[in-house]
file data_11.cif (mmCIF, C-alpha atoms)
data_start
#
loop_
_atom_site.label_atom_id
_atom_site.label_comp_id
_atom_site.auth_asym_id
_atom_site.auth_seq_id
_atom_site.Cartn_x
_atom_site.Cartn_y
_atom_site.Cartn_z
CA MET E 3 47.86 111.21 135.89
CA THR E 4 50.05 113.99 137.25
CA ASN E 5 51.28 116.69 134.92
CA LYS E 6 55.01 116.58 134.25
CA PRO E 7 56.94 119.73 135.17
CA THR E 8 58.14 121.74 132.18
CA LYS E 9 60.74 123.87 133.92
CA ALA E 10 63.02 123.92 136.95
CA THR E 11 64.09 126.95 138.92
CA ILE E 12 67.47 127.44 140.59
CA THR E 13 67.34 129.85 143.53
CA PHE E 14 70.30 131.32 145.40
CA ASP E 15 70.64 132.15 149.08
CA ASN E 16 72.48 135.42 148.36
CA GLY E 17 69.49 137.11 146.81
CA ALA E 18 70.64 136.68 143.20
CA ALA E 19 67.90 136.38 140.60
CA PRO E 20 66.58 132.84 140.17
CA ILE E 21 67.33 130.95 136.94
CA GLU E 22 64.64 129.07 135.06
CA LEU E 23 65.67 126.02 133.03
CA PRO E 24 63.47 123.96 130.67
CA ILE E 25 62.81 120.28 131.37
CA LEU E 26 62.98 117.95 128.37
CA SER E 27 61.34 114.53 128.02
CA GLY E 28 62.47 111.63 125.87
CA SER E 29 60.35 108.77 124.57
CA LEU E 30 61.51 106.59 127.48
CA GLY E 31 63.52 107.17 130.64
CA ASN E 32 64.07 110.08 132.97
CA ASP E 33 63.35 113.71 132.15
CA VAL E 34 66.38 115.99 131.89
CA ILE E 35 66.98 119.58 132.92
CA ASP E 36 68.36 121.52 129.96
CA ILE E 37 71.37 123.41 131.37
CA ARG E 38 72.89 124.51 128.07
CA ASN E 39 72.39 128.21 128.85
CA LEU E 40 73.56 127.96 132.44
CA SER E 41 77.05 129.23 131.59
CA LYS E 42 75.57 132.59 130.61
CA HIS E 43 74.83 133.08 134.29
CA GLY E 44 78.43 132.39 135.33
CA ILE E 45 77.93 128.94 136.86
CA PHE E 46 78.34 125.32 135.76
CA THR E 47 77.24 121.96 137.11
CA TYR E 48 79.61 119.52 138.83
CA ASP E 49 79.12 115.84 137.96
CA PRO E 50 82.21 113.58 138.18
CA GLY E 51 81.70 110.50 136.04
CA PHE E 52 78.77 112.20 134.27
CA MET E 53 76.34 109.93 136.12
CA SER E 54 73.64 112.64 136.13
CA THR E 55 74.44 114.31 132.82
CA ALA E 56 73.03 113.58 129.37
CA ALA E 57 75.75 114.58 126.91
CA CYS E 58 73.66 113.90 123.80
CA ASN E 59 70.30 112.77 122.54
CA SER E 60 70.18 109.40 120.83
CA ASN E 61 67.58 107.00 119.46
CA ILE E 62 69.80 103.91 119.34
CA THR E 63 69.85 102.21 122.75
CA PHE E 64 67.77 102.50 125.90
CA ILE E 65 68.63 101.14 129.36
CA ASP E 66 66.52 101.10 132.51
CA GLY E 67 68.86 99.86 135.21
CA GLU E 68 66.16 99.70 137.89
CA LYS E 69 63.90 97.46 135.81
CA GLY E 70 66.69 95.56 134.08
CA LEU E 71 65.73 96.63 130.54
CA LEU E 72 67.94 96.92 127.46
CA TYR E 73 66.44 97.91 124.10
CA TYR E 74 68.16 98.28 120.73
CA ARG E 75 66.07 100.72 118.65
CA GLY E 76 63.08 99.77 120.81
CA TYR E 77 63.52 95.98 120.56
CA PRO E 78 64.14 94.11 123.85
CA ILE E 79 67.56 92.45 123.87
CA GLU E 80 65.95 89.12 124.82
CA GLN E 81 63.98 89.01 121.58
CA LEU E 82 66.93 90.01 119.41
CA ALA E 83 69.26 87.46 121.01
CA GLU E 84 66.69 84.71 120.58
CA HIS E 85 65.55 85.39 117.01
CA CYS E 86 68.28 87.37 115.21
CA ASP E 87 71.88 86.95 114.18
CA PHE E 88 74.58 89.60 114.54
CA MET E 89 74.20 90.83 110.96
CA GLU E 90 70.53 91.64 111.52
CA VAL E 91 71.31 93.40 114.80
CA SER E 92 74.16 95.36 113.21
CA HIS E 93 71.82 96.47 110.42
CA LEU E 94 69.29 97.51 113.07
CA LEU E 95 71.82 99.56 115.05
CA ILE E 96 73.38 101.26 112.04
CA ASN E 97 70.30 101.77 109.85
CA GLY E 98 67.53 102.04 112.43
CA GLU E 99 65.38 99.09 111.30
CA LEU E 100 65.61 95.31 111.17
CA PRO E 101 66.25 94.25 107.57
CA ASN E 102 63.82 92.28 105.45
CA ALA E 103 65.14 89.15 103.73
CA THR E 104 66.45 91.03 100.69
CA GLN E 105 68.04 93.79 102.76
CA LYS E 106 69.73 91.28 105.03
CA GLN E 107 71.14 89.38 102.07
CA GLU E 108 72.51 92.58 100.52
CA PHE E 109 73.90 93.87 103.83
CA THR E 110 75.61 90.54 104.55
CA ARG E 111 77.01 90.38 101.02
CA THR E 112 78.43 93.90 101.38
CA ILE E 113 80.08 93.15 104.72
CA THR E 114 81.48 89.88 103.39
CA SER E 115 83.02 91.64 100.40
CA HIS E 116 85.07 93.89 102.72
CA THR E 117 86.57 91.28 105.08
CA MET E 118 90.04 91.29 103.48
CA LEU E 119 92.68 93.66 104.87
CA HIS E 120 95.02 95.75 102.76
CA ASP E 121 98.09 93.59 102.26
CA GLN E 122 100.45 96.17 103.76
CA LEU E 123 98.56 96.08 107.06
CA SER E 124 100.25 92.74 107.77
CA ASN E 125 103.50 94.68 108.14
CA ILE E 126 102.01 96.72 110.97
CA PHE E 127 101.24 93.55 112.92
CA ARG E 128 104.86 92.48 112.52
CA GLY E 129 106.03 95.70 114.11
CA PHE E 130 104.69 94.54 117.49
CA ARG E 131 106.36 92.18 119.92
CA ARG E 132 104.91 88.66 119.76
CA ASP E 133 103.79 88.89 123.38
CA ALA E 134 101.94 92.21 122.88
CA HIS E 135 98.42 92.20 124.29
CA PRO E 136 95.86 91.77 121.46
CA MET E 137 94.17 95.01 122.52
CA ALA E 138 97.43 96.94 122.06
CA VAL E 139 97.69 95.49 118.56
CA MET E 140 94.05 96.31 117.78
CA VAL E 141 94.41 99.93 118.88
CA GLY E 142 97.41 100.35 116.59
CA VAL E 143 96.10 98.49 113.55
CA VAL E 144 92.58 99.96 113.61
CA GLY E 145 94.06 103.44 113.98
CA SER E 146 96.37 102.80 111.05
CA MET E 147 93.41 101.96 108.81
CA SER E 148 92.99 105.71 108.32
CA ALA E 149 96.13 105.60 106.18
CA PHE E 150 94.74 102.82 103.96
CA TYR E 151 91.01 103.43 103.68
CA HIS E 152 90.39 107.07 102.88
CA THR E 153 87.02 108.59 103.74
CA LYS E 154 87.59 111.65 101.52
CA GLY E 155 87.20 113.69 104.67
CA ASP E 156 83.43 114.02 104.23
CA ILE E 157 82.10 112.54 107.45
CA HIS E 158 78.88 114.52 107.01
CA ASP E 159 78.03 112.66 103.80
CA ALA E 160 75.69 109.72 104.52
CA GLN E 161 77.13 107.52 101.78
CA SER E 162 80.69 108.12 102.96
CA ARG E 163 79.71 107.19 106.53
CA GLU E 164 77.98 104.04 105.27
CA ILE E 165 81.10 102.89 103.40
CA THR E 166 83.20 103.47 106.51
CA ALA E 167 80.69 101.54 108.62
CA HIS E 168 80.85 98.57 106.25
CA GLN E 169 84.65 98.60 106.20
CA LEU E 170 84.93 98.66 110.00
CA LEU E 171 82.27 96.03 110.62
CA ALA E 172 83.90 93.73 108.07
CA LYS E 173 87.58 94.23 108.90
CA VAL E 174 87.67 94.45 112.71
CA PRO E 175 87.04 90.65 113.07
CA THR E 176 90.00 89.99 110.78
CA ILE E 177 92.16 92.38 112.80
CA ALA E 178 91.08 90.76 116.10
CA ALA E 179 91.75 87.23 114.85
CA TRP E 180 95.11 88.20 113.36
CA SER E 181 96.07 89.82 116.67
CA TYR E 182 95.66 86.39 118.25
CA LYS E 183 97.46 84.55 115.48
CA TYR E 184 100.40 86.93 115.67
CA ASN E 185 100.49 86.54 119.45
CA ILE E 186 100.84 82.74 119.26
CA GLY E 187 103.16 82.69 116.24
CA GLN E 188 100.78 81.09 113.76
CA PRO E 189 100.21 82.21 110.15
CA PHE E 190 97.38 84.63 109.50
CA MET E 191 94.24 82.94 108.19
CA TYR E 192 92.38 84.85 105.51
CA PRO E 193 88.60 85.21 105.75
CA ALA E 194 86.46 82.38 104.39
CA ASN E 195 83.53 84.25 102.94
CA HIS E 196 81.26 81.22 102.58
CA LEU E 197 80.96 81.23 106.39
CA ASN E 198 78.70 83.52 108.37
CA TYR E 199 80.07 86.35 110.54
CA ALA E 200 80.60 84.32 113.72
CA GLU E 201 81.85 81.20 111.92
CA ASN E 202 84.30 83.26 109.87
CA PHE E 203 85.85 84.76 112.98
CA MET E 204 86.20 81.30 114.58
CA HIS E 205 87.80 80.05 111.36
CA MET E 206 90.36 82.88 111.41
CA MET E 207 91.04 82.20 115.11
CA PHE E 208 91.40 78.43 115.07
CA ALA E 209 92.16 77.22 111.52
CA THR E 210 95.69 76.66 110.23
CA PRO E 211 96.94 76.28 106.63
CA CYS E 212 97.53 72.57 107.23
CA GLU E 213 94.27 71.71 108.95
CA GLN E 214 90.71 72.61 108.05
CA TYR E 215 88.51 74.03 110.79
CA VAL E 216 84.79 73.25 110.78
CA PRO E 217 82.90 75.53 113.19
CA ASN E 218 80.65 73.76 115.68
CA PRO E 219 77.13 75.20 115.09
CA VAL E 220 76.34 75.31 118.84
CA LEU E 221 79.55 77.24 119.55
CA ALA E 222 79.03 79.52 116.54
CA LYS E 223 75.52 80.35 117.76
CA ALA E 224 76.88 81.06 121.24
CA PHE E 225 79.57 83.33 119.83
CA ASP E 226 77.03 85.14 117.68
CA ARG E 227 74.93 85.71 120.79
CA ILE E 228 77.94 87.16 122.64
CA LEU E 229 78.33 89.65 119.80
CA ILE E 230 74.65 90.64 119.95
CA LEU E 231 74.65 91.13 123.71
CA HIS E 232 77.74 93.34 123.60
CA ALA E 233 76.91 95.30 120.43
CA ASP E 234 75.85 98.50 122.19
CA HIS E 235 75.17 99.74 125.71
CA GLU E 236 74.18 103.39 125.52
CA GLN E 237 76.64 106.14 126.57
CA ASN E 238 79.27 104.06 128.37
CA ALA E 239 82.93 105.06 128.66
CA SER E 240 84.10 103.71 125.30
CA THR E 241 81.05 104.93 123.37
CA SER E 242 81.41 108.35 124.94
CA THR E 243 85.08 108.28 123.94
CA VAL E 244 84.15 107.54 120.32
CA ARG E 245 81.63 110.37 120.36
CA LEU E 246 84.02 112.82 122.02
CA ALA E 247 86.82 112.02 119.57
CA GLY E 248 84.37 112.17 116.68
CA SER E 249 82.95 115.50 117.81
CA SER E 250 86.16 117.18 116.63
CA GLY E 251 85.70 115.77 113.13
CA ALA E 252 88.49 113.21 113.65
CA ASN E 253 89.02 110.35 111.22
CA PRO E 254 86.47 107.59 111.98
CA PHE E 255 89.11 104.86 112.19
CA ALA E 256 90.96 106.94 114.79
CA CYS E 257 87.68 107.38 116.69
CA ILE E 258 87.08 103.62 116.83
CA ALA E 259 90.71 103.07 117.89
CA ALA E 260 90.09 105.53 120.73
CA GLY E 261 87.02 103.53 121.72
CA ILE E 262 89.07 100.32 121.77
CA ALA E 263 91.65 101.99 124.03
CA SER E 264 88.91 103.07 126.43
CA LEU E 265 87.34 99.61 126.41
CA TRP E 266 90.67 98.05 127.36
CA GLY E 267 90.34 99.24 130.97
CA PRO E 268 89.59 96.49 133.52
CA ALA E 269 86.65 98.49 134.88
CA HIS E 270 85.04 98.43 131.42
CA GLY E 271 85.78 95.81 128.77
CA GLY E 272 88.29 93.87 130.85
CA ALA E 273 85.70 92.63 133.34
CA ASN E 274 85.24 89.15 131.85
CA GLU E 275 89.00 88.66 131.66
CA ALA E 276 89.22 89.73 135.31
CA THR E 277 86.45 87.25 136.19
CA LEU E 278 88.44 84.32 134.85
CA LYS E 279 91.57 85.50 136.65
CA MET E 280 89.53 85.60 139.87
CA LEU E 281 88.30 82.03 139.33
CA GLU E 282 91.88 80.93 138.75
CA GLU E 283 92.90 82.68 141.97
CA ILE E 284 90.16 80.88 143.96
CA GLY E 285 91.29 77.64 142.35
CA ASP E 286 89.00 75.12 144.02
CA ILE E 287 85.43 74.85 145.33
CA SER E 288 86.78 74.17 148.81
CA ARG E 289 88.16 77.73 148.92
CA ILE E 290 84.94 79.53 147.95
CA GLY E 291 83.96 80.17 151.57
CA GLU E 292 87.28 81.87 152.21
CA PHE E 293 86.85 84.24 149.26
CA ILE E 294 83.19 84.94 149.99
CA LYS E 295 84.25 86.00 153.49
CA ARG E 296 86.89 88.27 152.00
CA ALA E 297 84.34 89.79 149.59
CA LYS E 298 82.10 90.70 152.54
CA ASP E 299 84.98 92.23 154.49
CA LYS E 300 85.03 95.99 153.81
CA THR E 301 88.66 96.19 154.91
CA ASP E 302 89.77 93.60 152.32
CA THR E 303 90.65 94.83 148.83
CA PHE E 304 89.41 91.59 147.22
CA ARG E 305 86.27 91.97 145.08
CA LEU E 306 84.17 89.35 143.36
CA MET E 307 84.48 90.11 139.65
CA GLY E 308 81.52 89.43 137.36
CA PHE E 309 78.88 90.32 139.96
CA GLY E 310 76.76 93.46 140.06
CA HIS E 311 76.74 96.26 137.51
CA ARG E 312 77.19 100.01 137.63
CA VAL E 313 73.95 100.61 135.69
CA TYR E 314 71.71 97.64 136.50
CA ARG E 315 70.16 97.55 139.96
CA ASN E 316 68.23 94.46 138.93
CA MET E 317 69.39 91.38 137.02
CA ASP E 318 71.44 92.31 133.95
CA PRO E 319 69.03 91.25 131.14
CA ARG E 320 71.98 90.02 129.11
CA ALA E 321 73.10 87.74 131.95
CA ALA E 322 69.99 85.57 131.82
CA ILE E 323 70.51 85.00 128.09
CA MET E 324 74.21 84.31 128.58
CA ARG E 325 73.50 81.92 131.44
CA LYS E 326 71.36 79.78 129.15
CA THR E 327 74.01 79.97 126.45
CA CYS E 328 76.68 79.00 128.96
CA HIS E 329 74.93 75.76 129.87
CA GLU E 330 74.30 74.96 126.19
CA VAL E 331 78.02 75.27 125.48
CA LEU E 332 79.12 73.29 128.52
CA ASN E 333 76.69 70.49 127.63
CA GLU E 334 77.83 70.47 124.00
CA LEU E 335 81.50 70.17 125.01
CA GLY E 336 80.93 67.82 127.94
CA LEU E 337 82.54 70.24 130.37
CA ASN E 338 79.99 70.21 133.17
CA ASP E 339 82.45 68.28 135.34
CA ASP E 340 85.43 70.51 134.53
CA PRO E 341 86.77 71.82 137.88
CA MET E 342 86.89 75.45 136.73
CA PHE E 343 83.32 75.42 135.48
CA LYS E 344 82.06 73.60 138.56
CA LEU E 345 83.73 76.30 140.63
CA ALA E 346 82.01 79.01 138.59
CA MET E 347 78.59 77.39 138.96
CA ALA E 348 79.07 76.97 142.71
CA LEU E 349 79.99 80.63 143.00
CA GLU E 350 76.95 81.58 140.94
CA LYS E 351 74.66 79.57 143.26
CA ILE E 352 75.97 81.37 146.34
CA ALA E 353 75.59 84.79 144.72
CA LEU E 354 71.97 84.05 143.79
CA GLU E 355 71.03 82.73 147.24
CA ASP E 356 73.25 84.43 149.83
CA GLU E 357 71.39 87.29 151.55
CA TYR E 358 74.47 89.52 151.45
CA PHE E 359 74.62 89.42 147.65
CA VAL E 360 70.86 89.33 147.04
CA SER E 361 70.16 92.34 149.30
CA ARG E 362 72.88 94.31 147.49
CA GLN E 363 71.66 93.10 144.10
CA LEU E 364 75.08 91.68 143.27
CA TYR E 365 73.77 89.29 140.66
CA PRO E 366 76.05 87.53 138.17
CA ASN E 367 76.40 89.85 135.16
CA VAL E 368 76.99 89.17 131.48
CA ASP E 369 80.79 89.24 131.95
CA PHE E 370 80.63 86.35 134.40
CA TYR E 371 78.96 84.02 131.90
CA SER E 372 80.59 85.27 128.68
CA GLY E 373 84.04 84.68 130.13
CA ILE E 374 83.11 81.09 130.99
CA VAL E 375 81.68 80.51 127.51
CA MET E 376 84.72 81.89 125.71
CA ARG E 377 87.09 79.86 127.87
CA ALA E 378 85.09 76.73 127.05
CA MET E 379 85.38 77.56 123.35
CA GLY E 380 89.17 77.66 123.65
CA ILE E 381 89.50 81.43 123.48
CA PRO E 382 92.30 82.65 125.78
CA ASN E 383 91.70 85.28 128.45
CA SER E 384 93.80 87.83 126.59
CA MET E 385 91.32 87.79 123.68
CA PHE E 386 88.19 88.41 125.75
CA THR E 387 88.38 92.21 125.55
CA ALA E 388 89.36 92.08 121.88
CA ILE E 389 86.16 90.15 121.16
CA PHE E 390 84.21 92.69 123.21
CA ALA E 391 85.71 95.39 120.95
CA LEU E 392 84.74 93.39 117.88
CA ALA E 393 81.12 93.23 119.07
CA ARG E 394 80.94 96.84 120.24
CA THR E 395 82.22 98.12 116.89
CA ALA E 396 78.64 97.90 115.57
CA GLY E 397 77.38 100.19 118.33
CA TRP E 398 80.32 102.57 118.06
CA ILE E 399 79.72 102.97 114.32
CA ALA E 400 76.01 103.60 114.88
CA GLN E 401 76.70 106.18 117.60
CA TRP E 402 79.42 107.92 115.58
CA SER E 403 77.22 108.06 112.47
CA GLU E 404 74.21 109.33 114.42
CA MET E 405 76.30 112.13 115.91
CA ASN E 406 77.69 113.23 112.56
CA ALA E 407 74.24 113.17 110.97
CA ASP E 408 73.07 115.65 113.61
CA SER E 409 73.69 119.16 112.28
CA GLY E 410 73.40 120.53 115.81
CA HIS E 411 76.19 118.52 117.41
CA LYS E 412 79.13 120.42 118.88
CA ILE E 413 82.69 119.56 119.77
CA GLY E 414 82.84 118.13 123.29
CA ARG E 415 84.21 120.52 125.88
CA PRO E 416 83.56 119.48 129.51
CA ARG E 417 84.11 122.13 132.18
CA GLN E 418 85.89 121.73 135.50
CA LEU E 419 85.86 122.83 139.12
CA TYR E 420 89.33 124.33 139.47
CA THR E 421 90.95 123.66 142.87
CA GLY E 422 94.56 124.64 142.11
CA GLU E 423 96.64 127.65 143.08
CA THR E 424 95.29 131.14 142.52
CA ARG E 425 97.39 133.70 140.62
CA ARG E 426 101.07 133.66 141.53
CA GLU E 427 103.89 135.91 140.31
CA PHE E 428 106.87 134.34 138.56
CA VAL E 429 110.09 134.08 140.58
CA PRO E 430 113.44 133.68 138.74
CA ILE E 431 115.19 130.41 139.53
CA VAL E 432 118.08 132.13 141.34
CA LYS E 433 115.64 133.62 143.86
CA ARG E 434 113.65 130.46 144.53
CA THR E 435 114.25 128.81 147.90
#
call {"tool": "encode", "arguments": {"input": "data_11.cif", "output": "structure tokens"}}
result
Amino acid sequence: MTNKPTKATITFDNGAAPIELPILSGSLGNDVIDIRNLSKHGIFTYDPGFMSTAACNSNITFIDGEKGLLYYRGYPIEQLAEHCDFMEVSHLLINGELPNATQKQEFTRTITSHTMLHDQLSNIFRGFRRDAHPMAVMVGVVGSMSAFYHTKGDIHDAQSREITAHQLLAKVPTIAAWSYKYNIGQPFMYPANHLNYAENFMHMMFATPCEQYVPNPVLAKAFDRILILHADHEQNASTSTVRLAGSSGANPFACIAAGIASLWGPAHGGANEATLKMLEEIGDISRIGEFIKRAKDKTDTFRLMGFGHRVYRNMDPRAAIMRKTCHEVLNELGLNDDPMFKLAMALEKIALEDEYFVSRQLYPNVDFYSGIVMRAMGIPNSMFTAIFALARTAGWIAQWSEMNADSGHKIGRPRQLYTGETRREFVPIVKRT
């Protein structure tokens, strides 16, 4: 076994004194060079996109993109998706451990007791246009929760953070479902607390006052699995947004609203919605060859959505689980012969076998399959990202709480490489040419 280095040395070609920096090791993953004192020497690092920068330490989620690993608190995602429900996984993310039977019952009861929204929040929904995107509505309504659910300003108090976590985890599904109901002009459906977390959301989405909705157990299990697979994913754009907003001591509801806004981007949470739009654009199996050719053409702006991943250089571990779930749902609903789903499966087959895609490790990712599953369940494309936000709320809460429990955390303040004008003297407007 080779000894790990404990320090790195930066040398300069102008004869300046070298700088020694400590090297830190986590429990898993790459070592990091601690550059916190680098600014004292008058230099900073340059890392657009922060792809080589650790902005925090965390014990919540671990990803190894090369090996295709995703762990929540040390548990492989495959095991959690197979054996747990979303309430257990949420408890794990927020509290650090899987609950025992009594703890799960109490945690579920607490979340269930908070599912109702303050009655005046319904007025905020009605302030939006009916055709507003559900994510626009969610950003506004979740942010407005700060005016209705006061945290007493003590975000450093563990009990206060726990209450906020319960409120968000319980109420965001109601907000997401009501965003859909408002969009289509149907009455809001109140939570049915005898149902589990996934079933309750489906009830609020699909029930009406004049017709009872009985959740299909296969579809409810599939939806629950979607929530688990999307619950957290380390320091991605939206999680980093929540942490950065929270680092200033901002209201937690505002922090989660900021995370929702970040997730809305098509390069982040909008990927499964974009995948379905791509399938609709292709339209028919007979046209797959044409679009595959375009995807391989570097001069063409067309890209296959739902394939490859910025982090994973191997198969996305969530994709294999979602692929199985996808076929379970299609079989349950008798949709295997649906033209859109046949198109998706044909595209999947090519991506898994074509040398161009295999050599570039452009495997189908979780967004490819989750979009197909949600479409089969009757969930419209516009709600895909809203459901992603609903799932990721558990991770955002855990990350926000972890940061605020750390007495050593500081307000985020990235530096820059300035490339603008140097000093210029002011010229009065009458003398400007």
call {"tool": "residues_near_point", "arguments": {"input": "data_11.cif", "point": "(66.3, 99.4, 144.4)", "cutoff": "9 Å", "atoms": "only C-alpha atoms", "output": "VMD selection string"}}
result
chain E and resid 68 315 to 316 362 to 363
call {"tool": "resolve_selection", "arguments": {"input": "data_11.cif", "expression": "the PyMOL selection byres ((chain E and resi 411) around 12)", "output": "ChimeraX atom specification"}}
result
/E:57-60,158,245-246,248-251,402-410,412-415
call {"tool": "residues_around", "arguments": {"input": "data_11.cif", "residues": "Thr395 in chain E", "least_positions_apart": "4", "cutoff": "7 Å", "atoms": "all atoms listed in the file", "output": "ChimeraX atom specification"}}
result
/E:171,233,391,399
call {"tool": "residues_around", "arguments": {"input": "data_11.cif", "residues": "His93 in chain E", "least_positions_apart": "3", "cutoff": "10 Å", "atoms": "only C-alpha atoms", "output": "list in words"}}
result
Phe88, Met89, Glu90, Ile96, Asn97, Gly98, Glu99, Leu100, Pro101, Gln105, Lys106, Phe109, Thr110, Ala396 and Ala400 of chain E
call {"tool": "closest_residue", "arguments": {"input": "data_11.cif", "among": "E:Gln81, E:Gln401, E:Thr47, E:Asn125", "to": "Gly261 in chain E", "atoms": "all atoms listed in the file"}}
result
E:Gln401
call {"tool": "closest_atom_pairs", "arguments": {"input": "data_11.cif", "of": "range 62-140 of chain E", "to": "range 321-344 of chain E", "cutoff": "12 Å", "atoms": "all atoms listed in the file", "output": "Markdown table"}}
result
| residue | atom | partner | partner_atom | distance |
| --- | --- | --- | --- | --- |
| E:Gly70 | CA | E:Ala321 | CA | 10.3 |
| E:Leu71 | CA | E:Ala321 | CA | 11.6 |
| E:Leu72 | CA | E:Ala321 | CA | 11.4 |
| E:Pro78 | CA | E:Ile323 | CA | 11.9 |
| E:Ile79 | CA | E:Ile323 | CA | 9.1 |
| E:Glu80 | CA | E:Ile323 | CA | 7.0 |
| E:Gln81 | CA | E:Ile323 | CA | 10.1 |
| E:Leu82 | CA | E:Ile323 | CA | 10.6 |
| E:Ala83 | CA | E:Ile323 | CA | 7.6 |
| E:Glu84 | CA | E:Ile323 | CA | 8.4 |
call {"tool": "resolve_selection", "arguments": {"input": "data_11.cif", "expression": "the PyMOL selection byres ((chain E and resi 145) around 6)", "output": "compact mmCIF listing (two decimals) with C-alpha atoms, keeping the file's coordinate frame"}}
result
# COMPACT_ATOMS: atom_id res chain seq x y z
CA GLY E 142 97.41 100.35 116.59
CA VAL E 143 96.10 98.49 113.55
CA VAL E 144 92.58 99.96 113.61
CA SER E 146 96.37 102.80 111.05
CA MET E 147 93.41 101.96 108.81
CA PHE E 255 89.11 104.86 112.19
CA ALA E 256 90.96 106.94 114.79
CA ALA E 259 90.71 103.07 117.89
call {"tool": "closest_residue", "arguments": {"input": "data_11.cif", "among": "E:Ile290, E:Met317, E:Met140, E:Ala388", "to": "Ala346 in chain E", "atoms": "only C-alpha atoms"}}
result
E:Ile290
call {"tool": "atom_distance", "arguments": {"input": "data_11.cif", "atom1": "CA of Trp398 in chain E", "atom2": "CA of Met53 in chain E"}}
result
19.9 Å
